[in-house]
$ cat run_13.cif   # mmCIF, C-alpha atoms
data_final
loop_
_atom_site.label_atom_id
_atom_site.label_comp_id
_atom_site.auth_asym_id
_atom_site.auth_seq_id
_atom_site.Cartn_x
_atom_site.Cartn_y
_atom_site.Cartn_z
CA MET R 1 -7.52 6.26 18.33
CA LEU R 2 -3.76 6.63 18.55
CA ASP R 3 -1.83 5.38 21.54
CA ARG R 4 1.11 7.61 20.76
CA MET R 5 2.49 9.74 17.98
CA ARG R 6 6.10 10.63 17.43
CA ARG R 7 7.67 12.83 14.82
CA ARG R 8 7.19 11.35 11.34
CA GLN R 9 5.90 8.17 12.87
CA PHE R 10 2.51 6.69 13.50
CA LEU R 11 3.07 3.65 15.68
CA GLY R 12 -0.37 3.22 16.97
CA GLN R 13 -2.47 1.19 19.21
CA VAL R 14 -5.31 1.71 16.77
CA GLY R 15 -8.33 0.68 18.80
CA TYR R 16 -11.25 -0.90 17.00
CA GLY R 17 -13.77 -0.59 19.77
CA LEU R 18 -14.68 2.80 18.34
CA SER R 19 -17.95 4.44 17.42
CA ALA R 20 -16.47 5.35 14.05
CA ALA R 21 -13.09 4.21 12.80
CA THR R 22 -12.18 5.08 9.26
CA LEU R 23 -8.70 6.48 8.82
CA GLY R 24 -6.80 6.91 5.59
CA GLY R 25 -3.36 7.53 4.14
CA ALA R 26 -2.49 10.42 1.88
CA ALA R 27 -4.59 11.31 -1.16
CA ILE R 28 -7.38 8.75 -0.83
CA HIS R 29 -10.79 9.02 -2.42
CA PRO R 30 -13.33 10.91 -0.24
CA VAL R 31 -14.76 8.20 1.97
CA ASP R 32 -17.95 10.06 2.79
CA GLU R 33 -18.81 10.44 -0.88
CA LEU R 34 -18.01 6.78 -1.50
CA ARG R 35 -20.29 5.70 1.34
CA SER R 36 -23.16 7.88 0.21
CA ARG R 37 -23.12 6.27 -3.23
CA ARG R 38 -22.29 2.63 -2.57
CA THR R 39 -22.63 1.58 1.05
CA THR R 40 -25.31 -0.75 2.36
CA PRO R 41 -26.54 -1.10 5.95
CA LYS R 42 -24.44 -4.25 6.29
CA SER R 43 -21.22 -2.66 5.07
CA TRP R 44 -21.84 0.48 7.14
CA ALA R 45 -22.15 -1.68 10.24
CA SER R 46 -18.69 -3.14 9.58
CA THR R 47 -17.29 0.39 9.50
CA ILE R 48 -18.83 1.83 12.66
CA ALA R 49 -18.51 -1.24 14.91
CA PRO R 50 -21.83 -0.88 16.77
CA GLN R 51 -20.88 -3.55 19.29
CA ALA R 52 -18.15 -3.34 21.92
CA ALA R 53 -14.75 -4.61 20.77
CA GLN R 54 -11.26 -4.84 22.18
CA GLY R 55 -7.85 -4.95 20.60
CA SER R 56 -5.21 -2.94 18.81
CA ALA R 57 -3.13 -2.93 15.64
CA ARG R 58 0.17 -1.30 14.82
CA ALA R 59 0.15 1.16 11.92
CA TRP R 60 3.04 3.11 10.37
CA TRP R 61 3.25 5.80 7.71
CA SER R 62 6.97 6.55 8.16
CA ALA R 63 9.89 5.77 10.46
CA ASP R 64 12.11 7.67 12.85
CA VAL R 65 15.58 7.69 11.32
CA ALA R 66 18.01 9.54 13.53
CA VAL R 67 21.30 9.12 11.66
CA ASP R 68 21.13 7.99 8.04
CA ARG R 69 18.84 9.00 5.20
CA GLN R 70 17.09 5.69 4.83
CA VAL R 71 13.69 5.43 3.13
CA ALA R 72 11.36 2.71 1.81
CA LEU R 73 10.03 2.65 -1.72
CA THR R 74 6.72 0.78 -2.12
CA PHE R 75 4.47 -0.14 -5.03
CA ASP R 76 0.75 -0.99 -4.95
CA ASP R 77 -1.84 -2.85 -7.04
CA GLY R 78 0.32 -5.33 -8.95
CA PRO R 79 1.47 -7.57 -10.32
CA THR R 80 0.50 -6.66 -13.87
CA GLU R 81 1.83 -7.48 -17.30
CA LEU R 82 1.63 -3.77 -18.10
CA PHE R 83 4.05 -2.46 -15.50
CA THR R 84 5.59 -4.84 -12.97
CA ALA R 85 8.43 -6.27 -15.07
CA ASN R 86 9.38 -2.75 -16.17
CA VAL R 87 9.49 -1.55 -12.56
CA LEU R 88 11.63 -4.54 -11.57
CA ASP R 89 14.03 -3.77 -14.43
CA ILE R 90 14.37 -0.14 -13.30
CA LEU R 91 14.99 -1.13 -9.68
CA ASP R 92 17.56 -3.71 -10.74
CA GLN R 93 19.42 -1.13 -12.83
CA VAL R 94 19.84 1.23 -9.86
CA GLY R 95 20.31 -1.47 -7.22
CA ILE R 96 17.26 -0.67 -5.10
CA GLN R 97 15.07 -3.14 -3.22
CA ALA R 98 11.45 -2.16 -2.66
CA THR R 99 8.26 -3.48 -1.09
CA PHE R 100 5.42 -4.56 -3.39
CA PHE R 101 1.88 -4.52 -1.97
CA VAL R 102 0.19 -7.03 -4.21
CA VAL R 103 -3.40 -8.07 -4.90
CA GLY R 104 -4.01 -11.76 -4.26
CA ALA R 105 -6.14 -12.31 -7.37
CA LEU R 106 -3.29 -10.94 -9.49
CA VAL R 107 -0.67 -12.97 -7.62
CA GLU R 108 -2.57 -16.07 -8.72
CA ARG R 109 -2.61 -14.83 -12.32
CA TYR R 110 1.06 -13.81 -12.51
CA PRO R 111 3.01 -15.91 -9.98
CA ASP R 112 6.22 -15.68 -12.02
CA LEU R 113 6.35 -11.91 -11.52
CA ILE R 114 6.02 -12.38 -7.76
CA ARG R 115 8.73 -15.06 -7.75
CA ARG R 116 11.01 -12.73 -9.70
CA ALA R 117 10.44 -9.89 -7.23
CA HIS R 118 10.88 -12.16 -4.22
CA ASP R 119 14.04 -13.78 -5.62
CA ALA R 120 15.52 -10.32 -6.26
CA GLY R 121 15.17 -9.46 -2.56
CA HIS R 122 12.09 -7.29 -2.78
CA GLU R 123 9.55 -7.61 0.03
CA ILE R 124 6.02 -8.75 -0.78
CA GLY R 125 3.19 -7.20 1.22
CA ASN R 126 -0.54 -7.91 1.33
CA HIS R 127 -2.88 -5.48 -0.47
CA SER R 128 -5.97 -7.68 -0.02
CA TYR R 129 -7.22 -10.42 -2.30
CA ASP R 130 -9.67 -8.39 -4.37
CA HIS R 131 -8.85 -4.67 -3.85
CA VAL R 132 -12.38 -3.84 -2.76
CA SER R 133 -12.87 -0.71 -0.67
CA ALA R 134 -13.38 -1.53 3.02
CA ALA R 135 -15.83 1.38 3.25
CA ILE R 136 -18.32 -0.45 1.01
CA SER R 137 -17.67 -4.01 2.24
CA ASP R 138 -19.20 -6.00 5.08
CA ALA R 139 -16.94 -7.39 7.82
CA ASP R 140 -16.86 -10.94 6.44
CA SER R 141 -15.74 -9.71 3.02
CA VAL R 142 -13.01 -7.55 4.52
CA ARG R 143 -11.74 -10.45 6.61
CA ALA R 144 -11.75 -12.80 3.63
CA GLY R 145 -9.86 -10.26 1.53
CA VAL R 146 -7.10 -9.90 4.12
CA LEU R 147 -6.70 -13.61 4.81
CA ARG R 148 -6.95 -14.78 1.18
CA GLY R 149 -4.47 -12.12 0.11
CA GLY R 150 -1.92 -13.48 2.56
CA ASP R 151 -2.62 -17.05 1.46
CA ALA R 152 -1.99 -16.18 -2.19
CA ILE R 153 1.37 -14.59 -1.36
CA GLU R 154 2.49 -17.46 0.85
CA ALA R 155 1.56 -20.03 -1.81
CA VAL R 156 4.05 -18.42 -4.21
CA THR R 157 6.85 -17.14 -1.95
CA ARG R 158 6.57 -19.60 0.98
CA VAL R 159 6.73 -16.53 3.21
CA ARG R 160 3.80 -15.11 5.15
CA PRO R 161 3.70 -11.31 4.67
CA ARG R 162 4.26 -9.04 7.64
CA TRP R 163 2.50 -5.99 6.24
CA PHE R 164 -1.00 -5.13 5.06
CA ARG R 165 -1.81 -1.96 3.14
CA PRO R 166 -5.57 -1.43 2.82
CA PRO R 167 -6.90 -0.50 -0.62
CA ARG R 168 -7.07 3.30 -0.90
CA GLY R 169 -5.59 3.55 2.60
CA GLU R 170 -9.04 3.05 4.16
CA LEU R 171 -9.06 1.63 7.67
CA THR R 172 -12.35 0.44 9.11
CA THR R 173 -13.04 -1.49 12.26
CA ALA R 174 -13.44 -4.63 10.14
CA THR R 175 -10.00 -4.04 8.60
CA LEU R 176 -8.39 -3.60 12.00
CA GLY R 177 -9.98 -6.76 13.33
CA ALA R 178 -8.84 -8.80 10.32
CA VAL R 179 -5.32 -7.40 10.53
CA ARG R 180 -5.10 -8.30 14.19
CA GLU R 181 -6.38 -11.82 13.51
CA ALA R 182 -3.77 -12.29 10.76
CA HIS R 183 -0.95 -10.85 12.95
CA LEU R 184 -0.15 -8.16 10.40
CA ASP R 185 1.23 -4.64 10.74
CA LEU R 186 -0.50 -1.83 8.84
CA ALA R 187 1.50 0.12 6.28
CA LEU R 188 0.36 3.55 5.13
CA TRP R 189 2.69 6.12 3.50
CA SER R 190 4.07 9.64 3.77
CA VAL R 191 4.94 10.43 0.12
CA ASN R 192 3.01 9.77 -3.09
CA ARG R 193 2.98 11.05 -6.70
CA GLY R 194 1.51 14.38 -5.70
CA ASN R 195 -1.05 16.40 -7.65
CA ALA R 196 0.58 16.43 -11.07
CA PRO R 197 -1.81 15.83 -13.98
CA ASP R 198 -2.31 12.20 -14.92
CA SER R 199 0.09 12.18 -17.87
CA ASP R 200 2.68 14.63 -16.47
CA SER R 201 5.69 12.43 -15.69
CA GLU R 202 7.92 15.50 -15.35
CA GLY R 203 5.52 16.96 -12.79
CA VAL R 204 5.60 13.68 -10.87
CA ARG R 205 9.40 13.72 -10.99
CA ARG R 206 9.60 17.31 -9.69
CA HIS R 207 7.23 16.54 -6.84
CA LEU R 208 9.02 13.35 -5.81
CA ALA R 209 12.45 14.97 -6.05
CA GLY R 210 11.52 17.53 -3.40
CA ALA R 211 9.21 15.45 -1.22
CA LEU R 212 11.57 12.89 0.29
CA ARG R 213 12.63 13.04 3.95
CA PRO R 214 14.58 10.55 6.09
CA GLY R 215 12.31 7.73 7.17
CA ALA R 216 9.78 8.33 4.39
CA VAL R 217 7.57 5.59 2.99
CA VAL R 218 6.97 6.32 -0.70
CA ASP R 219 3.80 4.95 -2.31
CA LEU R 220 3.77 4.45 -6.09
CA HIS R 221 2.02 1.88 -8.30
CA ASP R 222 2.75 -0.97 -10.69
CA GLY R 223 -0.90 -1.88 -11.19
CA ILE R 224 -4.40 -0.54 -11.77
CA GLY R 225 -6.36 -2.21 -8.97
CA ARG R 226 -9.52 -4.14 -9.85
CA SER R 227 -9.44 -2.54 -13.27
CA ALA R 228 -6.72 -5.07 -14.14
CA TRP R 229 -9.22 -7.94 -14.20
CA VAL R 230 -12.77 -6.66 -13.73
CA GLY R 231 -14.32 -5.10 -16.81
CA ARG R 232 -12.42 -2.83 -19.16
CA PRO R 233 -9.04 -1.58 -17.87
CA SER R 234 -9.15 2.04 -16.74
CA GLY R 235 -7.39 4.23 -19.31
CA GLN R 236 -7.05 7.02 -16.76
CA LEU R 237 -5.28 4.76 -14.27
CA ILE R 238 -3.01 3.37 -16.96
CA THR R 239 -2.00 6.93 -17.87
CA ARG R 240 -1.38 7.86 -14.23
CA ARG R 241 0.68 4.74 -13.55
CA ARG R 242 2.72 5.19 -16.71
CA ALA R 243 3.65 8.73 -15.63
CA GLU R 244 4.85 7.46 -12.24
CA ILE R 245 7.00 4.78 -13.81
CA GLU R 246 8.43 7.12 -16.45
CA ALA R 247 9.60 9.39 -13.61
CA LEU R 248 11.51 6.62 -11.82
CA PRO R 249 14.69 6.43 -13.96
CA LYS R 250 15.31 10.12 -13.27
CA VAL R 251 14.18 10.51 -9.69
CA LEU R 252 15.81 7.37 -8.23
CA PRO R 253 19.39 8.34 -9.18
CA ALA R 254 18.71 11.89 -7.98
CA TRP R 255 17.58 10.56 -4.59
CA LYS R 256 20.69 8.38 -4.38
CA ASP R 257 22.91 11.35 -5.29
CA ALA R 258 21.26 13.26 -2.44
CA GLY R 259 22.48 10.59 -0.02
CA TYR R 260 19.31 8.54 0.40
CA THR R 261 19.52 4.78 0.79
CA PHE R 262 16.65 2.43 0.10
CA SER R 263 15.45 -0.62 1.98
CA THR R 264 12.41 -2.81 2.22
CA LEU R 265 9.77 -1.72 4.68
CA SER R 266 10.68 -4.43 7.18
CA ARG R 267 14.31 -3.32 7.19
CA LEU R 268 13.30 0.32 7.60
CA ILE R 269 10.94 -0.61 10.45
CA PRO R 270 12.32 -3.78 12.14
#
$ encode --input "run_13.cif" --output "structure tokens"
Amino acid sequence: MLDRMRRRQFLGQVGYGLSAATLGGAAIHPVDELRSRRTTPKSWASTIAPQAAQGSARAWWSADVAVDRQVALTFDDGPTELFTANVLDILDQVGIQATFFVVGALVERYPDLIRRAHDAGHEIGNHSYDHVSAAISDADSVRAGVLRGGDAIEAVTRVRPRWFRPPRGELTTATLGAVREAHLDLALWSVNRGNAPDSDSEGVRRHLAGALRPGAVVDLHDGIGRSAWVGRPSGQLITRRRAEIEALPKVLPAWKDAGYTFSTLSRLIP
């Protein structure tokens, strides 16, 4: 339930005393299909909140920017050896600071990449510890994922993250409760890679070039979620991520030439 909505902004009092509370950002996997295949009675209960609850959490997918053309560029699912250093190199070349929503298990594996991003002025946000879908997780698992993700980031950067972005953009009542307990703000997004085929970096570039608006929060990726460490890495995700990153050296200068300036999410939304 939203307390208020303004143009291009979702600053919500997202209540979690709801009969059903699963919201999502742009282009997420169909939650109903996911539930039908993989949910259990215990995980379903964490999603529908059968008992009375009170509280609220602030969630944003973009910002109101009245004067300048300021936007936030964000990356999910890292850090990874495959992509993160390359993304940091590209951002350094064009002088842009971004926000990285990182997976705690990968932070523990690649702390040097997180230190490099943090030392370069990029913001580090919490993307859970294990990147498990909240729609198929019980409340205790969701809570542990949020809290352990923040702990992993703080252990490396000495800074507690302000933001949490739920895996796949899925918000359940358990997610909202954990976010409130951890004193986090929720970060969704207003722009992503679009519907270009997995390997079509030029299609991604064309979409991104025309999709930006003042106050936008752009969601791209420097990782492949759980596929980075559980089982065999997903070739499809690697192809999709590579296309996003190949588009960056062309689209970022074009955005700058169009007058856009880039900031971390916390500078865009103080």
$ closest_residue --input "run_13.cif" --among "R:Arg165, R:Arg206, R:His183, R:Arg148" --to "Phe75 (chain R)" --atoms "only C-alpha atoms"
R:Arg165
$ closest_residue --input "run_13.cif" --among "R:Ile96, R:Val191, R:Asp151, R:Ala228" --to "Val204 (chain R)" --atoms "only C-alpha atoms"
R:Val191
$ closest_residue --input "run_13.cif" --among "R:Ile90, R:Leu208, R:Ala59, R:Val230" --to "Leu106 (chain R)" --atoms "all atoms listed in the file"
R:Val230
$ atom_distance --input "run_13.cif" --atom1 "CA of Thr175 (chain R)" --atom2 "CA of Leu265 (chain R)"
20.3 Å
$ atom_distance --input "run_13.cif" --atom1 "CA of Pro197 (chain R)" --atom2 "CA of Trp60 (chain R)"
27.9 Å
$ resolve_selection --input "run_13.cif" --expression "the PyMOL selection byres ((chain R and resi 115) around 12)" --output "list of chain:residue names"
R:Pro79, R:Thr84, R:Ala85, R:Leu88, R:Phe100, R:Val107, R:Glu108, R:Tyr110, R:Pro111, R:Asp112, R:Leu113, R:Ile114, R:Arg116, R:Ala117, R:His118, R:Asp119, R:Ala120, R:Gly121, R:His122, R:Glu123, R:Ile124, R:Ile153, R:Glu154, R:Ala155, R:Val156, R:Thr157, R:Arg158, R:Val159
$ resolve_selection --input "run_13.cif" --expression "the PyMOL selection byres ((chain R and resi 216) around 7)" --output "list in words"
Ser62, Ala63, Val71, Ala72, Ser190, Val191, Leu212, Arg213, Pro214, Gly215, Val217 and Val218 of chain R
$ closest_residue --input "run_13.cif" --among "R:Ala211, R:Ala254, R:Ile238, R:Ala144" --to "Val179 (chain R)" --atoms "all atoms listed in the file"
R:Ala144
$ closest_residue --input "run_13.cif" --among "R:Leu268, R:Leu184, R:Ala105, R:Ala243" --to "Arg162 (chain R)" --atoms "only C-alpha atoms"
R:Leu184
$ closest_residue --input "run_13.cif" --among "R:Arg205, R:Asp89, R:Ala196, R:Val102" --to "Leu252 (chain R)" --atoms "only C-alpha atoms"
R:Arg205
$ atom_distance --input "run_13.cif" --atom1 "CA of Glu244 (chain R)" --atom2 "CA of Leu220 (chain R)"
6.9 Å
$ residues_around --input "run_13.cif" --residues "Asp198 (chain R)" --least-positions-apart "3" --cutoff "8 Å" --atoms "only C-alpha atoms" --output "CSV table (one decimal) with C-alpha atoms, in the frame of the given file"
chain,number,residue,atom,x,y,z
R,236,GLN,CA,-7.0,7.0,-16.8
R,239,THR,CA,-2.0,6.9,-17.9
R,240,ARG,CA,-1.4,7.9,-14.2
R,243,ALA,CA,3.6,8.7,-15.6
$ residues_near_point --input "run_13.cif" --point "(-7.8, -12.7, 9.9)" --cutoff "10 Å" --atoms "only C-alpha atoms" --output "tab-separated table (two decimals) with C-alpha atoms, keeping the file's coordinate frame"
chain	number	residue	atom	x	y	z
R	140	ASP	CA	-16.86	-10.94	6.44
R	142	VAL	CA	-13.01	-7.55	4.52
R	143	ARG	CA	-11.74	-10.45	6.61
R	144	ALA	CA	-11.75	-12.80	3.63
R	145	GLY	CA	-9.86	-10.26	1.53
R	146	VAL	CA	-7.10	-9.90	4.12
R	147	LEU	CA	-6.70	-13.61	4.81
R	148	ARG	CA	-6.95	-14.78	1.18
R	150	GLY	CA	-1.92	-13.48	2.56
R	174	ALA	CA	-13.44	-4.63	10.14
R	175	THR	CA	-10.00	-4.04	8.60
R	176	LEU	CA	-8.39	-3.60	12.00
R	177	GLY	CA	-9.98	-6.76	13.33
R	178	ALA	CA	-8.84	-8.80	10.32
R	179	VAL	CA	-5.32	-7.40	10.53
R	180	ARG	CA	-5.10	-8.30	14.19
R	181	GLU	CA	-6.38	-11.82	13.51
R	182	ALA	CA	-3.77	-12.29	10.76
R	183	HIS	CA	-0.95	-10.85	12.95
R	184	LEU	CA	-0.15	-8.16	10.40
$ resolve_selection --input "run_13.cif" --expression "the PyMOL selection byres ((chain R and resi 221) around 7)" --output "ChimeraX atom specification"
/R:75-77,219-220,222-223,241
